[in-house]
$ cat query-v1.pdb   # PDB, C-alpha atoms and all ligand atoms
ATOM      1  CA  MET A  15      14.585  14.262 -51.872
ATOM      2  CA  SER A  16      16.152  17.406 -50.513
ATOM      3  CA  GLY A  17      15.809  21.039 -51.417
ATOM      4  CA  ARG A  18      19.423  21.433 -52.428
ATOM      5  CA  VAL A  19      21.019  18.849 -54.687
ATOM      6  CA  ALA A  20      24.707  19.027 -55.576
ATOM      7  CA  LEU A  21      26.513  17.078 -58.285
ATOM      8  CA  VAL A  22      30.230  16.497 -57.749
ATOM      9  CA  THR A  23      32.376  14.931 -60.486
ATOM     10  CA  GLY A  24      35.659  13.249 -59.593
ATOM     11  CA  ALA A  25      33.867  12.183 -56.415
ATOM     12  CA  ALA A  26      35.901   8.999 -55.962
ATOM     13  CA  GLY A  27      39.109  11.040 -55.843
ATOM     14  CA  ALA A  28      40.842  12.646 -52.895
ATOM     15  CA  ILE A  29      39.646  16.243 -53.290
ATOM     16  CA  GLY A  30      36.270  15.202 -54.740
ATOM     17  CA  GLY A  31      35.625  12.910 -51.771
ATOM     18  CA  ALA A  32      36.383  15.713 -49.315
ATOM     19  CA  ILE A  33      34.054  18.047 -51.213
ATOM     20  CA  VAL A  34      31.265  15.439 -51.133
ATOM     21  CA  ARG A  35      31.612  15.110 -47.350
ATOM     22  CA  ARG A  36      31.764  18.861 -46.794
ATOM     23  CA  LEU A  37      28.721  19.644 -48.948
ATOM     24  CA  ALA A  38      26.759  16.881 -47.189
ATOM     25  CA  ASP A  39      27.690  18.542 -43.860
ATOM     26  CA  ASP A  40      26.436  21.821 -45.355
ATOM     27  CA  GLY A  41      23.029  20.215 -45.944
ATOM     28  CA  PHE A  42      23.227  19.323 -49.615
ATOM     29  CA  THR A  43      22.003  16.027 -50.981
ATOM     30  CA  VAL A  44      25.142  15.100 -52.878
ATOM     31  CA  ALA A  45      25.350  12.984 -56.021
ATOM     32  CA  GLY A  46      28.929  11.930 -56.647
ATOM     33  CA  ALA A  47      30.045  10.838 -60.110
ATOM     34  CA  ASP A  48      33.312   9.337 -61.271
ATOM     35  CA  LEU A  49      34.862   7.089 -63.863
ATOM     36  CA  ALA A  50      36.302   5.021 -61.018
ATOM     37  CA  VAL A  51      34.352   2.888 -58.568
ATOM     38  CA  GLY A  52      33.618   4.498 -55.234
ATOM     39  CA  ALA A  53      31.157   7.145 -56.397
ATOM     40  CA  ASP A  54      27.345   6.952 -56.497
ATOM     41  CA  TYR A  55      27.256   7.253 -60.287
ATOM     42  CA  ARG A  56      29.661   5.974 -62.906
ATOM     43  CA  CYS A  57      30.267   8.612 -65.568
ATOM     44  CA  ASP A  58      33.059   9.436 -67.973
ATOM     45  CA  VAL A  59      32.836  13.223 -68.164
ATOM     46  CA  ARG A  60      34.509  13.145 -71.601
ATOM     47  CA  SER A  61      31.364  11.618 -73.096
ATOM     48  CA  GLU A  62      28.298  13.750 -73.785
ATOM     49  CA  GLU A  63      26.177  10.612 -73.887
ATOM     50  CA  GLU A  64      27.335   9.581 -70.413
ATOM     51  CA  VAL A  65      26.856  13.072 -68.958
ATOM     52  CA  LEU A  66      23.311  13.172 -70.369
ATOM     53  CA  ARG A  67      22.622   9.770 -68.809
ATOM     54  CA  LEU A  68      24.064  11.050 -65.521
ATOM     55  CA  ARG A  69      21.605  13.962 -65.594
ATOM     56  CA  SER A  70      18.650  11.601 -66.067
ATOM     57  CA  GLU A  71      19.809   9.330 -63.259
ATOM     58  CA  VAL A  72      20.510  12.139 -60.787
ATOM     59  CA  GLU A  73      17.281  13.980 -61.581
ATOM     60  CA  GLY A  74      15.291  10.759 -61.251
ATOM     61  CA  ARG A  75      16.774   9.868 -57.897
ATOM     62  CA  HIS A  76      17.513  13.160 -56.167
ATOM     63  CA  GLY A  77      16.040  15.995 -58.194
ATOM     64  CA  THR A  78      17.667  18.695 -60.300
ATOM     65  CA  PRO A  79      21.069  19.873 -59.057
ATOM     66  CA  SER A  80      21.314  23.537 -58.122
ATOM     67  CA  LEU A  81      25.080  23.127 -57.624
ATOM     68  CA  VAL A  82      27.600  21.441 -59.911
ATOM     69  CA  VAL A  83      31.200  21.031 -58.774
ATOM     70  CA  ASN A  84      33.613  19.923 -61.488
ATOM     71  CA  VAL A  85      36.504  18.076 -59.881
ATOM     72  CA  ALA A  86      37.289  15.242 -62.318
ATOM     73  CA  GLY A  87      40.786  15.644 -63.667
ATOM     74  CA  VAL A  88      43.994  13.914 -64.657
ATOM     75  CA  PHE A  89      47.604  14.977 -64.296
ATOM     76  CA  PHE A  90      50.925  13.453 -65.259
ATOM     77  CA  GLU A  91      54.266  15.027 -66.031
ATOM     78  CA  HIS A  92      55.152  15.302 -69.697
ATOM     79  CA  ARG A  93      57.063  17.219 -72.328
ATOM     80  CA  ILE A  94      55.106  18.424 -75.322
ATOM     81  CA  THR A  95      57.786  17.127 -77.676
ATOM     82  CA  GLU A  96      57.156  13.603 -76.384
ATOM     83  CA  LEU A  97      53.421  13.788 -75.669
ATOM     84  CA  SER A  98      51.195  11.594 -77.843
ATOM     85  CA  VAL A  99      48.075  13.066 -79.353
ATOM     86  CA  GLU A 100      46.108  10.503 -77.310
ATOM     87  CA  ASP A 101      47.616  11.781 -74.057
ATOM     88  CA  TRP A 102      47.029  15.422 -75.081
ATOM     89  CA  ASP A 103      43.389  14.507 -75.692
ATOM     90  CA  LEU A 104      43.174  12.682 -72.352
ATOM     91  CA  VAL A 105      44.383  15.750 -70.443
ATOM     92  CA  LEU A 106      42.333  18.292 -72.395
ATOM     93  CA  ASP A 107      39.190  16.165 -72.601
ATOM     94  CA  THR A 108      39.102  15.203 -68.932
ATOM     95  CA  ASN A 109      39.972  18.564 -67.421
ATOM     96  CA  LEU A 110      38.392  20.960 -69.932
ATOM     97  CA  LYS A 111      35.897  19.176 -72.200
ATOM     98  CA  GLY A 112      34.409  17.402 -69.175
ATOM     99  CA  THR A 113      33.758  20.768 -67.538
ATOM    100  CA  PHE A 114      32.202  22.047 -70.765
ATOM    101  CA  LEU A 115      29.934  19.000 -70.998
ATOM    102  CA  THR A 116      28.619  19.163 -67.432
ATOM    103  CA  CYS A 117      28.024  22.909 -67.789
ATOM    104  CA  LYS A 118      26.245  22.397 -71.111
ATOM    105  CA  THR A 119      24.092  19.665 -69.600
ATOM    106  CA  PHE A 120      23.252  21.037 -66.153
ATOM    107  CA  LEU A 121      23.124  24.820 -66.732
ATOM    108  CA  PRO A 122      19.798  24.874 -68.623
ATOM    109  CA  ALA A 123      17.807  23.751 -65.566
ATOM    110  CA  MET A 124      19.555  26.348 -63.402
ATOM    111  CA  ILE A 125      18.838  29.047 -65.987
ATOM    112  CA  ALA A 126      15.182  27.975 -66.096
ATOM    113  CA  ALA A 127      15.025  28.090 -62.287
ATOM    114  CA  GLY A 128      16.720  31.494 -62.201
ATOM    115  CA  SER A 129      19.281  30.282 -59.656
ATOM    116  CA  GLY A 130      22.182  27.901 -59.313
ATOM    117  CA  CYS A 131      25.916  27.684 -58.939
ATOM    118  CA  VAL A 132      28.851  26.036 -60.694
ATOM    119  CA  VAL A 133      32.224  25.686 -58.993
ATOM    120  CA  ASN A 134      35.066  24.436 -61.164
ATOM    121  CA  VAL A 135      38.243  23.028 -59.666
ATOM    122  CA  ALA A 136      41.014  24.423 -61.859
ATOM    123  CA  SER A 137      44.594  24.803 -60.567
ATOM    124  CA  THR A 138      47.339  27.348 -60.082
ATOM    125  CA  ALA A 139      48.573  25.622 -63.254
ATOM    126  CA  GLY A 140      45.731  27.504 -64.931
ATOM    127  CA  ILE A 141      47.047  30.925 -63.959
ATOM    128  CA  LYS A 142      50.768  30.409 -64.552
ATOM    129  CA  GLY A 143      52.980  28.110 -66.565
ATOM    130  CA  GLY A 144      54.851  25.196 -65.078
ATOM    131  CA  HIS A 145      57.646  22.803 -65.984
ATOM    132  CA  THR A 146      56.701  19.413 -67.474
ATOM    133  CA  ARG A 147      52.958  20.076 -67.525
ATOM    134  CA  ALA A 148      52.210  22.210 -70.584
ATOM    135  CA  ALA A 149      49.062  20.339 -71.644
ATOM    136  CA  TYR A 150      47.718  20.371 -68.080
ATOM    137  CA  CYS A 151      48.432  24.119 -67.772
ATOM    138  CA  ALA A 152      46.646  24.725 -71.089
ATOM    139  CA  ALA A 153      43.634  22.700 -69.946
ATOM    140  CA  LYS A 154      43.369  24.389 -66.549
ATOM    141  CA  ALA A 155      43.808  27.860 -68.088
ATOM    142  CA  GLY A 156      40.883  26.883 -70.292
ATOM    143  CA  VAL A 157      38.840  26.009 -67.207
ATOM    144  CA  VAL A 158      39.656  29.394 -65.650
ATOM    145  CA  ASN A 159      38.539  31.381 -68.691
ATOM    146  CA  LEU A 160      35.536  29.113 -69.299
ATOM    147  CA  THR A 161      34.525  29.982 -65.742
ATOM    148  CA  ARG A 162      34.848  33.725 -66.311
ATOM    149  CA  SER A 163      33.009  33.605 -69.618
ATOM    150  CA  LEU A 164      30.124  31.528 -68.263
ATOM    151  CA  ALA A 165      29.786  34.019 -65.422
ATOM    152  CA  LEU A 166      29.398  36.770 -68.018
ATOM    153  CA  ASP A 167      26.926  34.747 -70.095
ATOM    154  CA  HIS A 168      24.759  33.462 -67.240
ATOM    155  CA  GLY A 169      25.104  35.844 -64.312
ATOM    156  CA  GLY A 170      22.037  37.629 -65.611
ATOM    157  CA  ASP A 171      20.171  34.320 -65.518
ATOM    158  CA  GLY A 172      20.742  34.097 -61.769
ATOM    159  CA  VAL A 173      23.528  31.513 -62.030
ATOM    160  CA  ARG A 174      26.904  32.038 -60.371
ATOM    161  CA  VAL A 175      30.010  30.430 -61.890
ATOM    162  CA  CYS A 176      33.316  30.510 -60.006
ATOM    163  CA  CYS A 177      36.467  28.426 -59.776
ATOM    164  CA  VAL A 178      39.009  27.351 -57.206
ATOM    165  CA  CYS A 179      42.689  27.157 -58.119
ATOM    166  CA  PRO A 180      44.407  24.774 -55.714
ATOM    167  CA  GLY A 181      48.146  24.840 -55.342
ATOM    168  CA  LEU A 182      49.917  21.630 -54.384
ATOM    169  CA  ILE A 183      47.498  19.454 -52.384
ATOM    170  CA  ASP A 184      48.455  16.297 -50.529
ATOM    171  CA  THR A 185      46.752  13.658 -52.712
ATOM    172  CA  PRO A 186      48.072  10.853 -54.916
ATOM    173  CA  MET A 187      48.096  13.365 -57.774
ATOM    174  CA  ALA A 188      50.968  15.134 -55.988
ATOM    175  CA  ASP A 189      53.105  11.959 -55.894
ATOM    176  CA  TRP A 190      55.472  13.461 -58.436
ATOM    177  CA  ILE A 191      56.860  15.635 -55.601
ATOM    178  CA  THR A 192      55.633  14.059 -52.330
ATOM    179  CA  SER A 193      57.593  10.920 -53.270
ATOM    180  CA  ARG A 194      60.801  13.030 -53.150
ATOM    181  CA  PRO A 195      61.157  14.258 -49.524
ATOM    182  CA  ASP A 196      63.979  16.697 -50.276
ATOM    183  CA  ALA A 197      62.109  18.336 -53.144
ATOM    184  CA  LEU A 198      58.942  18.508 -51.039
ATOM    185  CA  ALA A 199      60.765  20.101 -48.089
ATOM    186  CA  GLU A 200      62.380  22.657 -50.400
ATOM    187  CA  PHE A 201      59.000  23.530 -51.921
ATOM    188  CA  GLU A 202      57.321  23.835 -48.521
ATOM    189  CA  GLU A 203      60.084  26.114 -47.249
ATOM    190  CA  SER A 204      59.615  28.363 -50.297
ATOM    191  CA  ILE A 205      55.920  29.168 -49.806
ATOM    192  CA  PRO A 206      54.294  31.477 -47.238
ATOM    193  CA  ALA A 207      52.180  28.746 -45.587
ATOM    194  CA  ARG A 208      55.270  26.496 -45.223
ATOM    195  CA  ARG A 209      53.149  23.432 -46.020
ATOM    196  CA  ILE A 210      51.305  21.851 -48.887
ATOM    197  CA  GLY A 211      47.527  21.971 -48.828
ATOM    198  CA  THR A 212      45.005  19.443 -47.560
ATOM    199  CA  VAL A 213      41.865  18.240 -49.280
ATOM    200  CA  ASP A 214      39.873  20.051 -46.601
ATOM    201  CA  ASP A 215      41.520  23.354 -47.576
ATOM    202  CA  ILE A 216      39.894  22.923 -50.990
ATOM    203  CA  ALA A 217      36.588  21.549 -49.689
ATOM    204  CA  GLY A 218      36.274  24.620 -47.463
ATOM    205  CA  ALA A 219      36.798  26.970 -50.397
ATOM    206  CA  VAL A 220      34.208  25.132 -52.505
ATOM    207  CA  SER A 221      31.761  25.165 -49.589
ATOM    208  CA  PHE A 222      32.169  28.930 -49.301
ATOM    209  CA  LEU A 223      31.780  29.602 -53.032
ATOM    210  CA  ALA A 224      28.635  27.440 -53.086
ATOM    211  CA  SER A 225      27.120  29.291 -50.132
ATOM    212  CA  ASP A 226      24.997  32.417 -49.912
ATOM    213  CA  ALA A 227      27.978  34.122 -48.247
ATOM    214  CA  ALA A 228      29.554  34.170 -51.725
ATOM    215  CA  GLY A 229      26.428  35.625 -53.314
ATOM    216  CA  TYR A 230      28.316  38.549 -54.859
ATOM    217  CA  MET A 231      31.128  36.391 -56.253
ATOM    218  CA  GLN A 232      30.775  35.879 -59.995
ATOM    219  CA  GLY A 233      33.501  34.596 -62.299
ATOM    220  CA  ALA A 234      35.780  34.575 -59.259
ATOM    221  CA  VAL A 235      39.090  32.753 -59.478
ATOM    222  CA  MET A 236      39.854  31.791 -55.895
ATOM    223  CA  VAL A 237      43.480  30.813 -55.398
ATOM    224  CA  VAL A 238      44.021  28.382 -52.499
ATOM    225  CA  ASP A 239      47.719  27.647 -52.615
ATOM    226  CA  GLY A 240      49.370  28.678 -49.354
ATOM    227  CA  GLY A 241      50.730  31.674 -51.207
ATOM    228  CA  SER A 242      52.822  29.719 -53.704
ATOM    229  CA  SER A 243      51.713  31.954 -56.558
ATOM    230  CA  ALA A 244      51.768  35.184 -54.510
TER     231      ALA A 244
HETATM  232  N1  LIG B   1      46.294  17.315 -55.947
HETATM  233  C1  LIG B   1      46.767  18.492 -56.364
HETATM  234  O1  LIG B   1      47.880  18.907 -56.018
HETATM  235  C2  LIG B   1      45.911  19.363 -57.245
HETATM  236  C3  LIG B   1      46.327  20.681 -57.467
HETATM  237  C4  LIG B   1      45.571  21.506 -58.287
HETATM  238  C5  LIG B   1      44.419  21.042 -58.877
HETATM  239  N2  LIG B   1      44.033  19.748 -58.658
HETATM  240  C6  LIG B   1      42.814  19.306 -59.309
HETATM  241  O2  LIG B   1      41.913  18.811 -58.345
HETATM  242  C7  LIG B   1      41.087  17.815 -58.932
HETATM  243  C8  LIG B   1      41.089  16.569 -58.055
HETATM  244  O3  LIG B   1      42.418  16.089 -57.947
HETATM  245  P1  LIG B   1      42.874  15.009 -56.846
HETATM  246  O4  LIG B   1      44.185  15.437 -56.354
HETATM  247  O5  LIG B   1      41.758  14.741 -55.899
HETATM  248  O6  LIG B   1      43.154  13.746 -57.801
HETATM  249  P2  LIG B   1      42.450  12.335 -57.832
HETATM  250  O7  LIG B   1      43.159  11.576 -58.901
HETATM  251  O8  LIG B   1      42.395  11.740 -56.461
HETATM  252  O9  LIG B   1      40.965  12.671 -58.304
HETATM  253  C9  LIG B   1      40.602  12.849 -59.651
HETATM  254  C10 LIG B   1      39.345  12.041 -59.893
HETATM  255  O10 LIG B   1      38.877  12.304 -61.220
HETATM  256  C11 LIG B   1      38.408  11.079 -61.741
HETATM  257  N3  LIG B   1      38.392  11.091 -63.190
HETATM  258  C12 LIG B   1      39.454  11.057 -64.029
HETATM  259  N4  LIG B   1      39.041  11.034 -65.298
HETATM  260  C13 LIG B   1      37.671  11.056 -65.264
HETATM  261  C14 LIG B   1      36.661  11.033 -66.257
HETATM  262  N5  LIG B   1      36.978  11.011 -67.560
HETATM  263  N6  LIG B   1      35.372  11.072 -65.870
HETATM  264  C15 LIG B   1      35.052  11.096 -64.559
HETATM  265  N7  LIG B   1      35.965  11.106 -63.567
HETATM  266  C16 LIG B   1      37.257  11.081 -63.924
HETATM  267  C17 LIG B   1      39.381  10.027 -61.212
HETATM  268  O11 LIG B   1      38.855   8.712 -61.295
HETATM  269  C18 LIG B   1      39.602  10.506 -59.799
HETATM  270  O12 LIG B   1      38.696   9.913 -58.892
HETATM  271  C19 LIG B   1      41.625  17.587 -60.343
HETATM  272  O13 LIG B   1      40.839  18.329 -61.271
HETATM  273  C20 LIG B   1      43.018  18.161 -60.264
HETATM  274  O14 LIG B   1      43.488  18.582 -61.535
HETATM  275  C21 LIG B   1      44.748  18.898 -57.855
END
$ encode --input "query-v1.pdb" --output "structure tokens"
Amino acid sequence: MSGRVALVTGAAGAIGGAIVRRLADDGFTVAGADLAVGADYRCDVRSEEEVLRLRSEVEGRHGTPSLVVNVAGVFFEHRITELSVEDWDLVLDTNLKGTFLTCKTFLPAMIAAGSGCVVNVASTAGIKGGHTRAAYCAAKAGVVNLTRSLALDHGGDGVRVCCVCPGLIDTPMADWITSRPDALAEFEESIPARRIGTVDDIAGAVSFLASDAAGYMQGAVMVVDGGSSA
């Protein structure tokens, strides 16, 4: 048992794994959850039943989380005219409904304690449109405004809610462009940082938002994109 327990969803993924390691370095006892193997807890964040079971398991083993980091997500290129309703639901339910469900489930204990923090991993796709990703942009925009609205609703309860908007990060999710060296080089040349991001760029931002140093940040939308949306 540790004083500070953090729950990270999408923990078996590239960015989620880096966040788990960084928060552990920061002194948190970290419970990682994912649909895929490789995390401490198996949980489909689209299911309220599974998120409720996750809460029981984490509370029983580690204690009540004072930090929840929502990282679970899916992305694939698509055109709305060809997107099935099932794939729309997959994108919206994983990225947006999953964030709703963990917030619904884990916020009450934070509110009761009068302290806590939620950090949502959205995307620059949530603050601007993009080609061949309309459903993903809609879902991530939802995460951004869910973040702001929860900050308004629960700031007075002592809970901080913020989000990180990564730009292009070097993970398998970025295969759509990293598999095309010319397109990648052109993109990198076009942005101020002249490189795509690393998982540690995002883990560092989450670590900061979860820390006391960010104590006056509420509803913040922190863009970590090498300047691609500047
Ligand atoms: N890689 C990028 O360029 C980039 C850019 C902006 C935002 N993001 C966001 O960062 C987050 C992590 O992305 P990543 O690049 O590490 O991808 P990733 O595919 O490595 O990680 C995503 C993780 O979410 C898990 N997941 C998917 N559906 C789930 C479900 N229903 N329940 C529980 N877990 C589920 C996957 O199993 C996977 O481990 C995502 O939310 C993504 O949208 C990524």
$ resolve_selection --input "query-v1.pdb" --expression "the PyMOL selection byres (((chain A and resi 202-215) around 7) and not hetatm)" --output "mmCIF file with C-alpha atoms, in the coordinates of the input"
data_model
loop_
_atom_site.group_PDB
_atom_site.id
_atom_site.type_symbol
_atom_site.label_atom_id
_atom_site.label_comp_id
_atom_site.auth_asym_id
_atom_site.auth_seq_id
_atom_site.Cartn_x
_atom_site.Cartn_y
_atom_site.Cartn_z
ATOM 1 C CA ALA A 28 40.842 12.646 -52.895
ATOM 2 C CA ILE A 29 39.646 16.243 -53.290
ATOM 3 C CA ALA A 32 36.383 15.713 -49.315
ATOM 4 C CA LEU A 182 49.917 21.630 -54.384
ATOM 5 C CA ILE A 183 47.498 19.454 -52.384
ATOM 6 C CA ASP A 184 48.455 16.297 -50.529
ATOM 7 C CA LEU A 198 58.942 18.508 -51.039
ATOM 8 C CA ALA A 199 60.765 20.101 -48.089
ATOM 9 C CA GLU A 200 62.380 22.657 -50.400
ATOM 10 C CA PHE A 201 59.000 23.530 -51.921
ATOM 11 C CA ILE A 216 39.894 22.923 -50.990
ATOM 12 C CA ALA A 217 36.588 21.549 -49.689
ATOM 13 C CA GLY A 218 36.274 24.620 -47.463
ATOM 14 C CA ALA A 219 36.798 26.970 -50.397
ATOM 15 C CA ASP A 239 47.719 27.647 -52.615
ATOM 16 C CA GLY A 240 49.370 28.678 -49.354
ATOM 17 C CA GLY A 241 50.730 31.674 -51.207
ATOM 18 C CA SER A 242 52.822 29.719 -53.704
#
$ residues_near_ligand --input "query-v1.pdb" --ligand "ligand LIG 1 (chain B)" --cutoff "6 Å" --atoms "all atoms listed in the file" --output "PyMOL selection string"
chain A and resi 24-30+48-50+57-60+85-88+108+135-137+180-188
$ atom_distance --input "query-v1.pdb" --atom1 "CA of Glu73 in chain A" --atom2 "CA of Cys176 in chain A"
23.1 Å
$ resolve_selection --input "query-v1.pdb" --expression "the PyMOL selection byres (((chain A and resi 98-103) around 12) and not hetatm)" --output "MDAnalysis selection string"
chainID A and resid 60 88:97 104:112 147:153
$ write_last_selection --input "query-v1.pdb" --atoms "C-alpha atoms" --output "PDB file, in the coordinates of the input"
ATOM      1  CA  ARG A  60      34.509  13.145 -71.601  1.00  0.00           C
ATOM      2  CA  VAL A  88      43.994  13.914 -64.657  1.00  0.00           C
ATOM      3  CA  PHE A  89      47.604  14.977 -64.296  1.00  0.00           C
ATOM      4  CA  PHE A  90      50.925  13.453 -65.259  1.00  0.00           C
ATOM      5  CA  GLU A  91      54.266  15.027 -66.031  1.00  0.00           C
ATOM      6  CA  HIS A  92      55.152  15.302 -69.697  1.00  0.00           C
ATOM      7  CA  ARG A  93      57.063  17.219 -72.328  1.00  0.00           C
ATOM      8  CA  ILE A  94      55.106  18.424 -75.322  1.00  0.00           C
ATOM      9  CA  THR A  95      57.786  17.127 -77.676  1.00  0.00           C
ATOM     10  CA  GLU A  96      57.156  13.603 -76.384  1.00  0.00           C
ATOM     11  CA  LEU A  97      53.421  13.788 -75.669  1.00  0.00           C
ATOM     12  CA  LEU A 104      43.174  12.682 -72.352  1.00  0.00           C
ATOM     13  CA  VAL A 105      44.383  15.750 -70.443  1.00  0.00           C
ATOM     14  CA  LEU A 106      42.333  18.292 -72.395  1.00  0.00           C
ATOM     15  CA  ASP A 107      39.190  16.165 -72.601  1.00  0.00           C
ATOM     16  CA  THR A 108      39.102  15.203 -68.932  1.00  0.00           C
ATOM     17  CA  ASN A 109      39.972  18.564 -67.421  1.00  0.00           C
ATOM     18  CA  LEU A 110      38.392  20.960 -69.932  1.00  0.00           C
ATOM     19  CA  LYS A 111      35.897  19.176 -72.200  1.00  0.00           C
ATOM     20  CA  GLY A 112      34.409  17.402 -69.175  1.00  0.00           C
ATOM     21  CA  ARG A 147      52.958  20.076 -67.525  1.00  0.00           C
ATOM     22  CA  ALA A 148      52.210  22.210 -70.584  1.00  0.00           C
ATOM     23  CA  ALA A 149      49.062  20.339 -71.644  1.00  0.00           C
ATOM     24  CA  TYR A 150      47.718  20.371 -68.080  1.00  0.00           C
ATOM     25  CA  CYS A 151      48.432  24.119 -67.772  1.00  0.00           C
ATOM     26  CA  ALA A 152      46.646  24.725 -71.089  1.00  0.00           C
ATOM     27  CA  ALA A 153      43.634  22.700 -69.946  1.00  0.00           C
TER      28      ALA A 153
END
$ resolve_selection --input "query-v1.pdb" --expression "the PyMOL selection byres (((chain A and resi 71) around 12) and not hetatm)" --output "ChimeraX atom specification"
/A:21,45-47,54-57,64-70,72-79
$ closest_residue --input "query-v1.pdb" --among "A:Gln232, A:Ser221, A:Thr146, A:Ser243" --to "Leu37 in chain A" --atoms "only C-alpha atoms"
A:Ser221
$ decode --input "query-v1.pdb" --residues "range 16-81 of chain A" --atoms "C-alpha atoms" --output "mmCIF file, in the first residue's frame"
data_model
loop_
_atom_site.group_PDB
_atom_site.id
_atom_site.type_symbol
_atom_site.label_atom_id
_atom_site.label_comp_id
_atom_site.auth_asym_id
_atom_site.auth_seq_id
_atom_site.Cartn_x
_atom_site.Cartn_y
_atom_site.Cartn_z
ATOM 1 C CA SER A 16 1.260 3.455 -0.816
ATOM 2 C CA GLY A 17 -0.059 6.901 -0.096
ATOM 3 C CA ARG A 18 -0.511 7.808 -3.731
ATOM 4 C CA VAL A 19 -2.204 5.358 -6.066
ATOM 5 C CA ALA A 20 -2.503 6.074 -9.784
ATOM 6 C CA LEU A 21 -4.670 4.248 -12.307
ATOM 7 C CA VAL A 22 -3.486 4.332 -15.918
ATOM 8 C CA THR A 23 -5.665 2.937 -18.720
ATOM 9 C CA GLY A 24 -4.087 1.893 -22.010
ATOM 10 C CA ALA A 25 -1.145 0.794 -19.869
ATOM 11 C CA ALA A 26 -0.044 -1.967 -22.246
ATOM 12 C CA GLY A 27 0.377 0.580 -25.042
ATOM 13 C CA ALA A 28 3.382 2.671 -25.971
ATOM 14 C CA ILE A 29 2.430 5.980 -24.337
ATOM 15 C CA GLY A 30 0.572 4.287 -21.462
ATOM 16 C CA GLY A 31 3.620 2.155 -20.658
ATOM 17 C CA ALA A 32 5.862 5.225 -20.545
ATOM 18 C CA ILE A 33 3.383 6.989 -18.262
ATOM 19 C CA VAL A 34 3.284 3.970 -15.925
ATOM 20 C CA ARG A 35 7.087 3.994 -15.650
ATOM 21 C CA ARG A 36 7.269 7.750 -15.138
ATOM 22 C CA LEU A 37 4.583 7.853 -12.436
ATOM 23 C CA ALA A 38 6.282 4.947 -10.633
ATOM 24 C CA ASP A 39 9.527 6.989 -10.707
ATOM 25 C CA ASP A 40 7.518 9.892 -9.258
ATOM 26 C CA GLY A 41 6.559 7.704 -6.287
ATOM 27 C CA PHE A 42 3.080 6.578 -7.255
ATOM 28 C CA THR A 43 1.884 3.030 -6.797
ATOM 29 C CA VAL A 44 0.622 2.492 -10.323
ATOM 30 C CA ALA A 45 -2.210 0.204 -11.393
ATOM 31 C CA GLY A 46 -2.141 -0.289 -15.144
ATOM 32 C CA ALA A 47 -5.247 -1.444 -16.999
ATOM 33 C CA ASP A 48 -5.706 -2.470 -20.607
ATOM 34 C CA LEU A 49 -7.768 -4.622 -22.906
ATOM 35 C CA ALA A 50 -4.530 -6.200 -24.118
ATOM 36 C CA VAL A 51 -2.218 -8.432 -22.111
ATOM 37 C CA GLY A 52 0.771 -6.713 -20.572
ATOM 38 C CA ALA A 53 -1.041 -4.607 -17.984
ATOM 39 C CA ASP A 54 -1.732 -5.434 -14.322
ATOM 40 C CA TYR A 55 -5.498 -5.443 -14.853
ATOM 41 C CA ARG A 56 -7.549 -6.505 -17.844
ATOM 42 C CA CYS A 57 -10.338 -4.015 -18.505
ATOM 43 C CA ASP A 58 -12.335 -2.928 -21.519
ATOM 44 C CA VAL A 59 -12.951 0.744 -20.768
ATOM 45 C CA ARG A 60 -16.048 0.680 -23.010
ATOM 46 C CA SER A 61 -17.863 -1.455 -20.440
ATOM 47 C CA GLU A 62 -19.252 0.081 -17.257
ATOM 48 C CA GLU A 63 -19.368 -3.363 -15.681
ATOM 49 C CA GLU A 64 -15.665 -3.918 -16.355
ATOM 50 C CA VAL A 65 -14.675 -0.454 -15.111
ATOM 51 C CA LEU A 66 -16.641 -1.049 -11.894
ATOM 52 C CA ARG A 67 -14.868 -4.388 -11.459
ATOM 53 C CA LEU A 68 -11.542 -2.639 -12.095
ATOM 54 C CA ARG A 69 -12.309 -0.187 -9.279
ATOM 55 C CA SER A 70 -13.004 -3.034 -6.840
ATOM 56 C CA GLU A 71 -9.827 -4.860 -7.816
ATOM 57 C CA VAL A 72 -7.579 -1.793 -7.644
ATOM 58 C CA GLU A 73 -9.067 -0.577 -4.366
ATOM 59 C CA GLY A 74 -8.729 -4.047 -2.854
ATOM 60 C CA ARG A 75 -5.107 -4.420 -3.843
ATOM 61 C CA HIS A 76 -3.631 -0.929 -3.766
ATOM 62 C CA GLY A 77 -6.151 1.460 -2.263
ATOM 63 C CA THR A 78 -8.237 4.221 -3.811
ATOM 64 C CA PRO A 79 -6.592 6.037 -6.726
ATOM 65 C CA SER A 80 -6.014 9.753 -6.252
ATOM 66 C CA LEU A 81 -4.878 10.009 -9.891
#
